[in-house]
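Colleague: This is structure01.txt (compact mmCIF, C-alpha atoms and all ligand atoms).
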# COMPACT_ATOMS: atom_id res chain seq x y z
CA MET A 270 -17.79 18.37 14.18
CA ASN A 271 -14.59 20.17 15.17
CA ILE A 272 -11.79 17.76 14.33
CA GLU A 273 -8.13 18.62 14.87
CA LEU A 274 -5.20 16.49 13.79
CA LYS A 275 -1.96 17.27 15.62
CA THR A 276 1.53 16.42 14.42
CA LYS A 277 4.96 17.40 15.68
CA ARG A 278 4.99 20.85 14.02
CA LEU A 279 1.45 21.25 12.70
CA ILE A 280 -2.23 21.43 13.59
CA LEU A 281 -4.64 20.40 10.84
CA ARG A 282 -7.91 22.09 11.71
CA MET A 283 -11.18 23.59 10.57
CA PRO A 284 -10.94 26.98 8.89
CA ALA A 285 -11.77 30.23 10.65
CA LYS A 286 -12.92 33.39 8.84
CA SER A 287 -9.82 35.18 10.17
CA ASP A 288 -7.56 32.80 8.18
CA TRP A 289 -8.34 34.67 4.97
CA LYS A 290 -5.09 36.68 5.03
CA ASP A 291 -2.91 33.57 5.30
CA ILE A 292 -4.89 31.92 2.50
CA VAL A 293 -4.43 34.94 0.22
CA ASP A 294 -0.71 35.01 1.07
CA GLY A 295 -0.29 31.32 0.16
CA ALA A 296 -2.75 30.71 -2.67
CA GLY A 297 -2.04 34.15 -4.15
CA GLU A 298 1.38 32.96 -5.29
CA PHE A 299 1.35 32.17 -9.02
CA ASP A 300 3.52 29.08 -8.53
CA ILE A 301 0.71 27.59 -6.42
CA ALA A 302 -2.14 28.59 -8.73
CA LYS A 303 -0.43 27.27 -11.85
CA MET A 304 -0.07 23.76 -10.37
CA THR A 305 -3.63 23.33 -9.07
CA ALA A 306 -6.83 23.09 -11.10
CA THR A 307 -9.16 25.53 -9.39
CA ILE A 308 -7.24 28.42 -7.77
CA PRO A 309 -7.83 31.71 -9.64
CA HIS A 310 -5.05 34.23 -10.18
CA PRO A 311 -4.86 36.95 -8.98
CA TYR A 312 -6.31 35.67 -5.70
CA LYS A 313 -8.22 38.17 -3.54
CA LYS A 314 -9.84 38.42 -0.10
CA LYS A 315 -13.25 37.54 -1.61
CA ASP A 316 -11.80 34.33 -3.11
CA ALA A 317 -10.43 33.27 0.28
CA LEU A 318 -13.70 34.07 2.07
CA TRP A 319 -15.67 32.12 -0.56
CA PHE A 320 -13.33 29.16 -0.07
CA ILE A 321 -13.58 29.28 3.74
CA ASN A 322 -17.40 29.48 3.62
CA MET A 323 -17.62 26.62 1.14
CA VAL A 324 -15.41 24.42 3.35
CA LEU A 325 -17.43 25.25 6.49
CA LYS A 326 -20.70 24.43 4.69
CA ASP A 327 -19.51 21.00 3.47
CA TRP A 328 -17.29 20.15 6.48
CA GLY A 329 -17.91 16.60 7.71
CA LYS A 330 -20.38 15.87 4.91
CA THR A 331 -18.48 15.58 1.64
CA ARG A 332 -15.17 17.03 2.79
CA TYR A 333 -12.66 17.74 5.51
CA THR A 334 -10.51 20.53 4.09
CA PHE A 335 -7.93 20.95 6.82
CA PHE A 336 -6.13 24.27 7.20
CA ILE A 337 -2.52 23.57 8.12
CA GLU A 338 -1.41 25.73 11.03
CA LEU A 339 2.26 25.97 11.89
CA LYS A 340 2.40 25.66 15.69
CA ASP A 341 5.49 27.86 16.10
CA GLU A 342 4.08 30.79 14.11
CA LYS A 343 0.35 30.29 14.78
CA ARG A 344 -0.41 30.91 11.11
CA VAL A 345 -1.92 28.89 8.30
CA ILE A 346 0.77 27.76 5.86
CA GLY A 347 -1.31 25.54 3.60
CA VAL A 348 -4.32 23.36 2.95
CA MET A 349 -4.71 19.57 3.11
CA ASP A 350 -7.96 18.73 1.38
CA LEU A 351 -9.97 15.53 1.69
CA PHE A 352 -12.96 15.95 -0.59
CA ARG A 353 -15.59 14.06 -2.60
CA ILE A 354 -15.81 11.75 0.41
CA ASP A 355 -18.04 8.82 -0.54
CA LYS A 356 -18.74 6.98 2.71
CA ILE A 357 -20.79 4.29 0.96
CA ASN A 358 -18.07 3.47 -1.56
CA GLY A 359 -15.24 4.06 0.96
CA THR A 360 -13.31 6.54 -1.21
CA ALA A 361 -12.22 10.18 -1.29
CA GLU A 362 -9.93 12.54 -3.19
CA THR A 363 -7.05 14.57 -1.85
CA GLY A 364 -5.32 17.80 -2.82
CA SER A 365 -2.93 20.16 -1.10
CA TRP A 366 -0.66 23.17 -1.23
CA ILE A 367 1.94 24.74 1.02
CA ASN A 368 2.85 28.44 1.08
CA LYS A 369 5.94 28.83 -1.13
CA LYS A 370 7.99 30.29 1.74
CA TYR A 371 7.72 26.91 3.48
CA TRP A 372 8.47 24.50 0.62
CA ARG A 373 10.91 21.60 1.02
CA MET A 374 10.68 21.47 4.82
CA GLY A 375 8.69 18.24 4.92
CA TYR A 376 5.42 19.96 5.86
CA ILE A 377 3.21 18.28 3.27
CA THR A 378 4.69 14.88 4.11
CA GLU A 379 3.92 15.51 7.78
CA ALA A 380 0.38 16.68 6.99
CA LYS A 381 -0.28 13.68 4.74
CA ILE A 382 0.74 11.26 7.49
CA ALA A 383 -1.98 12.75 9.71
CA LEU A 384 -4.51 12.86 6.89
CA ASN A 385 -3.92 9.27 5.78
CA ASP A 386 -4.24 7.99 9.36
CA PHE A 387 -7.49 9.95 9.73
CA ALA A 388 -8.92 8.76 6.40
CA PHE A 389 -8.14 5.07 6.89
CA ASN A 390 -8.51 4.67 10.66
CA LYS A 391 -11.20 7.18 11.65
CA LEU A 392 -13.27 7.44 8.46
CA LYS A 393 -12.49 3.80 7.57
CA LEU A 394 -12.02 4.63 3.90
CA ARG A 395 -10.58 2.04 1.55
CA ARG A 396 -8.93 4.20 -1.10
CA LEU A 397 -7.65 7.73 -1.62
CA ASP A 398 -7.25 9.31 -5.06
CA SER A 399 -4.90 12.06 -6.11
CA SER A 400 -4.71 13.80 -9.50
CA VAL A 401 -1.47 15.58 -10.39
CA PHE A 402 -0.44 17.55 -13.48
CA VAL A 403 2.25 15.52 -15.31
CA SER A 404 4.49 18.62 -15.24
CA ASN A 405 4.26 19.00 -11.42
CA LYS A 406 7.57 17.50 -10.27
CA ALA A 407 7.12 18.28 -6.57
CA SER A 408 3.63 16.85 -6.26
CA ASN A 409 4.37 13.69 -8.28
CA ALA A 410 7.34 13.07 -5.97
CA THR A 411 5.25 13.75 -2.87
CA GLN A 412 2.55 11.24 -3.82
CA ARG A 413 5.11 8.49 -4.39
CA LYS A 414 6.92 9.33 -1.16
CA VAL A 415 3.79 8.74 0.92
CA GLY A 416 2.96 5.45 -0.81
CA TYR A 417 0.60 6.38 -3.62
CA LYS A 418 0.76 4.07 -6.65
CA PHE A 419 0.85 5.58 -10.13
CA GLU A 420 -2.15 4.17 -12.02
CA GLY A 421 -2.03 5.97 -15.37
CA THR A 422 -2.30 9.27 -17.20
CA LYS A 423 -5.49 10.96 -18.32
CA ARG A 424 -4.73 12.99 -21.43
CA LYS A 425 -5.82 16.65 -21.55
CA ALA A 426 -7.92 16.03 -18.45
CA LEU A 427 -7.82 19.34 -16.55
CA LYS A 428 -7.80 23.03 -17.39
CA ASN A 429 -5.85 25.27 -15.05
CA LYS A 430 -7.96 28.22 -13.91
CA ALA A 431 -5.05 30.66 -13.63
CA THR A 432 -3.38 29.99 -16.97
CA GLU A 433 -6.21 28.29 -18.90
CA LYS A 434 -3.61 25.73 -19.96
CA ILE A 435 -4.86 22.18 -20.52
CA HIS A 436 -2.91 19.49 -18.65
CA ASP A 437 -2.33 15.77 -18.88
CA VAL A 438 -2.98 14.40 -15.41
CA ASN A 439 -1.36 11.53 -13.52
CA ILE A 440 -3.72 9.43 -11.44
CA TYR A 441 -2.49 8.06 -8.12
CA GLY A 442 -4.25 5.70 -5.70
CA LEU A 443 -3.47 4.86 -2.09
CA LEU A 444 -5.04 1.80 -0.45
CA LYS A 445 -4.99 1.18 3.28
CA ASP A 446 -2.48 -1.67 2.71
CA ASP A 447 -0.14 0.62 0.73
CA TRP A 448 -0.26 3.13 3.57
CA GLU A 449 0.46 0.58 6.27
CA LYS A 450 3.59 -0.50 4.36
CA VAL A 451 5.18 2.97 4.07
CA ARG A 452 3.95 4.49 7.34
CA PRO A 453 6.61 3.02 9.69
CA ARG A 454 9.42 4.31 7.43
CA LEU A 455 7.91 7.81 7.24
CA ILE A 456 6.84 8.47 10.83
CA ARG A 457 10.40 8.09 12.15
CA PHE A 458 11.13 11.61 10.85
CA PHE A 459 8.08 13.26 12.36
CA LYS A 460 7.92 12.00 15.94
C1 LIG A 501 3.68 19.88 -3.83
C2 LIG A 501 3.88 20.62 -2.51
C3 LIG A 501 2.55 20.61 -1.74
C4 LIG A 501 4.98 19.90 -1.71
O1 LIG A 501 5.03 20.49 -0.40
P1 LIG A 501 6.34 20.47 0.51
O2 LIG A 501 5.92 20.72 1.92
O3 LIG A 501 7.34 21.39 -0.07
O4 LIG A 501 6.79 18.95 0.33
P2 LIG A 501 7.83 18.16 1.27
O5 LIG A 501 8.86 19.09 1.81
O6 LIG A 501 7.04 17.35 2.25
O7 LIG A 501 8.52 17.20 0.22
C5 LIG A 501 8.05 15.90 -0.07
C6 LIG A 501 8.84 15.31 -1.20
O8 LIG A 501 8.44 15.87 -2.44
C7 LIG A 501 9.58 16.04 -3.28
N1 LIG A 501 9.69 17.45 -3.63
C8 LIG A 501 9.16 18.51 -2.95
N2 LIG A 501 9.41 19.64 -3.63
C9 LIG A 501 10.09 19.28 -4.74
C10 LIG A 501 10.62 19.99 -5.84
N3 LIG A 501 10.49 21.31 -5.94
N4 LIG A 501 11.23 19.29 -6.83
C11 LIG A 501 11.36 17.95 -6.75
N5 LIG A 501 10.89 17.21 -5.73
C12 LIG A 501 10.25 17.87 -4.74
C13 LIG A 501 10.77 15.48 -2.55
O9 LIG A 501 10.91 14.11 -2.92
C14 LIG A 501 10.34 15.60 -1.13
O10 LIG A 501 10.91 14.64 -0.29
P3 LIG A 501 12.44 14.85 0.23
O11 LIG A 501 12.56 16.27 0.68
O12 LIG A 501 12.53 13.84 1.34
O13 LIG A 501 13.31 14.55 -0.94
C15 LIG A 501 4.35 22.10 -2.75
O14 LIG A 501 5.46 22.07 -3.61
C16 LIG A 501 3.26 22.98 -3.36
O15 LIG A 501 2.46 23.57 -2.64
N6 LIG A 501 3.27 23.11 -4.71
C17 LIG A 501 2.31 23.98 -5.41
C18 LIG A 501 0.89 23.47 -5.31
C19 LIG A 501 0.79 22.03 -5.75
O16 LIG A 501 1.46 21.59 -6.67
N7 LIG A 501 -0.10 21.29 -5.09
C20 LIG A 501 -0.35 19.90 -5.44
C21 LIG A 501 -1.32 19.84 -6.53
S1 LIG A 501 -1.60 18.16 -7.07
Write out the structure in this file as structure tokens.
Modeller:
Amino acid sequence: MNIELKTKRLILRMPAKSDWKDIVDGAGEFDIAKMTATIPHPYKKKDALWFINMVLKDWGKTRYTFFIELKDEKRVIGVMDLFRIDKINGTAETGSWINKKYWRMGYITEAKIALNDFAFNKLKLRRLDSSVFVSNKASNATQRKVGYKFEGTKRKALKNKATEKIHDVNIYGLLKDDWEKVRPRLIRFFK
């Protein structure tokens, strides 16, 4: 099912094979790989094509891994992942990155507004989970900004693929009620 989520500056959409260059440009940056669990470094064309194929295979079943297209530049500047979707339990996990050239412009906040609306209103999920390295200042701040509640720290829980470093991981949860409380405050900036 071809689902597109549109915001003021972005289109969250299904991947296309031709996106591989933008994915290599973004995920190939060490500062992205070192803060996520599963992105290898260096990151090559074959890694991007594997990722795109995997997303297309699982799309609409266990995941919606939206590619974030910047309307003005018609290029993919990041990924907003909704994965391990459990329709019976009403839960899913999220993860994301934005190309380093586009950091601190509010893009992930804008993408998360669309994703949260989709997850709670269209998929009717009850809870979203997010796991963040304790050392990842930007991502910890982002989760809190969009209403996620900090629920604890799992010690030595994830190994980073690029550095092989073991990380303590903060666990965040977002319930539909949490989202409805912060949404009106956030959407004012993205209309
Ligand atoms: C985390 C990440 C996705 C944030 O994307 P972004 O589009 O730059 O985020 P936004 O501009 O929407 O910022 C949202 C909030 O996060 C916080 N923030 C973002 N970058 C920050 C930084 N470098 N340091 C501290 N706080 C930061 C701010 O509170 C910001 O809100 P504000 O600008 O109103 O103060 C981006 O930094 C990234 O791709 N990092 C590498 C990959 C990664 O860590 N992914 C998440 C794995 S769990």
Colleague: Show me which residues sit within 6 Å of ligand LIG 501 (chain A) when counting only C-alpha atoms and all ligand atoms, and put them as JSON, numbers by chain.
Modeller: {"A": [301, 304, 305, 364, 365, 366, 367, 372, 373, 374, 375, 376, 377, 378, 400, 401, 406, 407, 408, 410, 411]}
Colleague: Between atom CA of A:Thr360 and atom CA of A:Arg457, measure the distance and give it in Å to one decimal.
Modeller: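 About the pair atom CA of A:Thr360 and atom CA of A:Arg457: they are 27.3 Å apart.
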Colleague: Measure the distance from atom CA of A:Ala383 to atom CA of A:Lys356 in Å and round it to one decimal.
Modeller: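 Computing the Euclidean distance for atom CA of A:Ala383 and atom CA of A:Lys356 yields 19.1 Å.
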Colleague: Give me the residues within 12 Å of A:Gly347 as a PyMOL selection string, counting only C-alpha atoms and dropping any in the same chain fewer than 4 places off.
Modeller: chain A and resi 279-282+284+288-298+301+334-339+364-372+376-377+380-381
Colleague: In terms of the shortest atom-to-atom distance over only C-alpha atoms, which of A:Lys430, A:Lys286, A:Arg396, A:Arg332 is closest to A:Lys314?
Modeller: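 Looking at the shortest contact to A:Lys314, the residue is A:Lys286.
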Colleague: Rounded to one decimal place, report the atom CA of A:Arg353-atom CA of A:Leu394 distance in Å.
Modeller: 12.0 Å
Colleague: Could I get stretch 273-318 of chain A from the block written out with C-alpha atoms, as a JSON list (two decimals), in the first residue's frame?
Modeller:
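Saved result, part21.json, follows:
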[["chain", "number", "residue", "atom", "x", "y", "z"],
["A", 273, "GLU", "CA", 2.42, 9.20, 1.82],
["A", 274, "LEU", "CA", 2.40, 11.56, 4.77],
["A", 275, "LYS", "CA", 2.67, 15.23, 3.82],
["A", 276, "THR", "CA", 3.81, 18.03, 6.11],
["A", 277, "LYS", "CA", 4.66, 21.66, 5.44],
["A", 278, "ARG", "CA", 8.19, 20.99, 4.15],
["A", 279, "LEU", "CA", 8.35, 17.20, 3.85],
["A", 280, "ILE", "CA", 6.89, 14.13, 2.20],
["A", 281, "LEU", "CA", 7.24, 10.88, 4.15],
["A", 282, "ARG", "CA", 6.98, 8.14, 1.56],
["A", 283, "MET", "CA", 7.88, 4.64, 0.44],
["A", 284, "PRO", "CA", 11.45, 4.16, -0.75],
["A", 285, "ALA", "CA", 12.41, 3.98, -4.41],
["A", 286, "LYS", "CA", 15.51, 2.16, -5.70],
["A", 287, "SER", "CA", 16.79, 5.49, -7.06],
["A", 288, "ASP", "CA", 17.00, 6.90, -3.50],
["A", 289, "TRP", "CA", 20.18, 4.93, -2.85],
["A", 290, "LYS", "CA", 22.48, 7.92, -3.48],
["A", 291, "ASP", "CA", 20.69, 10.10, -0.93],
["A", 292, "ILE", "CA", 20.76, 7.26, 1.60],
["A", 293, "VAL", "CA", 24.51, 6.76, 1.12],
["A", 294, "ASP", "CA", 25.04, 10.53, 1.45],
["A", 295, "GLY", "CA", 23.12, 10.65, 4.74],
["A", 296, "ALA", "CA", 23.81, 7.33, 6.43],
["A", 297, "GLY", "CA", 27.42, 7.36, 5.20],
["A", 298, "GLU", "CA", 28.25, 10.12, 7.66],
["A", 299, "PHE", "CA", 30.07, 8.71, 10.69],
["A", 300, "ASP", "CA", 28.15, 10.98, 13.08],
["A", 301, "ILE", "CA", 24.95, 9.20, 12.00],
["A", 302, "ALA", "CA", 26.37, 5.67, 12.12],
["A", 303, "LYS", "CA", 27.90, 6.11, 15.57],
["A", 304, "MET", "CA", 24.54, 7.08, 17.12],
["A", 305, "THR", "CA", 22.41, 4.29, 15.65],
["A", 306, "ALA", "CA", 22.66, 0.56, 16.37],
["A", 307, "THR", "CA", 22.65, -1.01, 12.93],
["A", 308, "ILE", "CA", 24.21, 1.31, 10.31],
["A", 309, "PRO", "CA", 27.59, -0.01, 9.11],
["A", 310, "HIS", "CA", 30.52, 2.30, 8.41],
["A", 311, "PRO", "CA", 31.74, 2.87, 5.75],
["A", 312, "TYR", "CA", 28.31, 2.78, 4.09],
["A", 313, "LYS", "CA", 28.18, 1.76, 0.42],
["A", 314, "LYS", "CA", 25.70, 1.55, -2.47],
["A", 315, "LYS", "CA", 25.09, -2.15, -1.71],
["A", 316, "ASP", "CA", 24.17, -1.30, 1.90],
["A", 317, "ALA", "CA", 21.62, 1.27, 0.73],
["A", 318, "LEU", "CA", 20.13, -1.12, -1.85]]
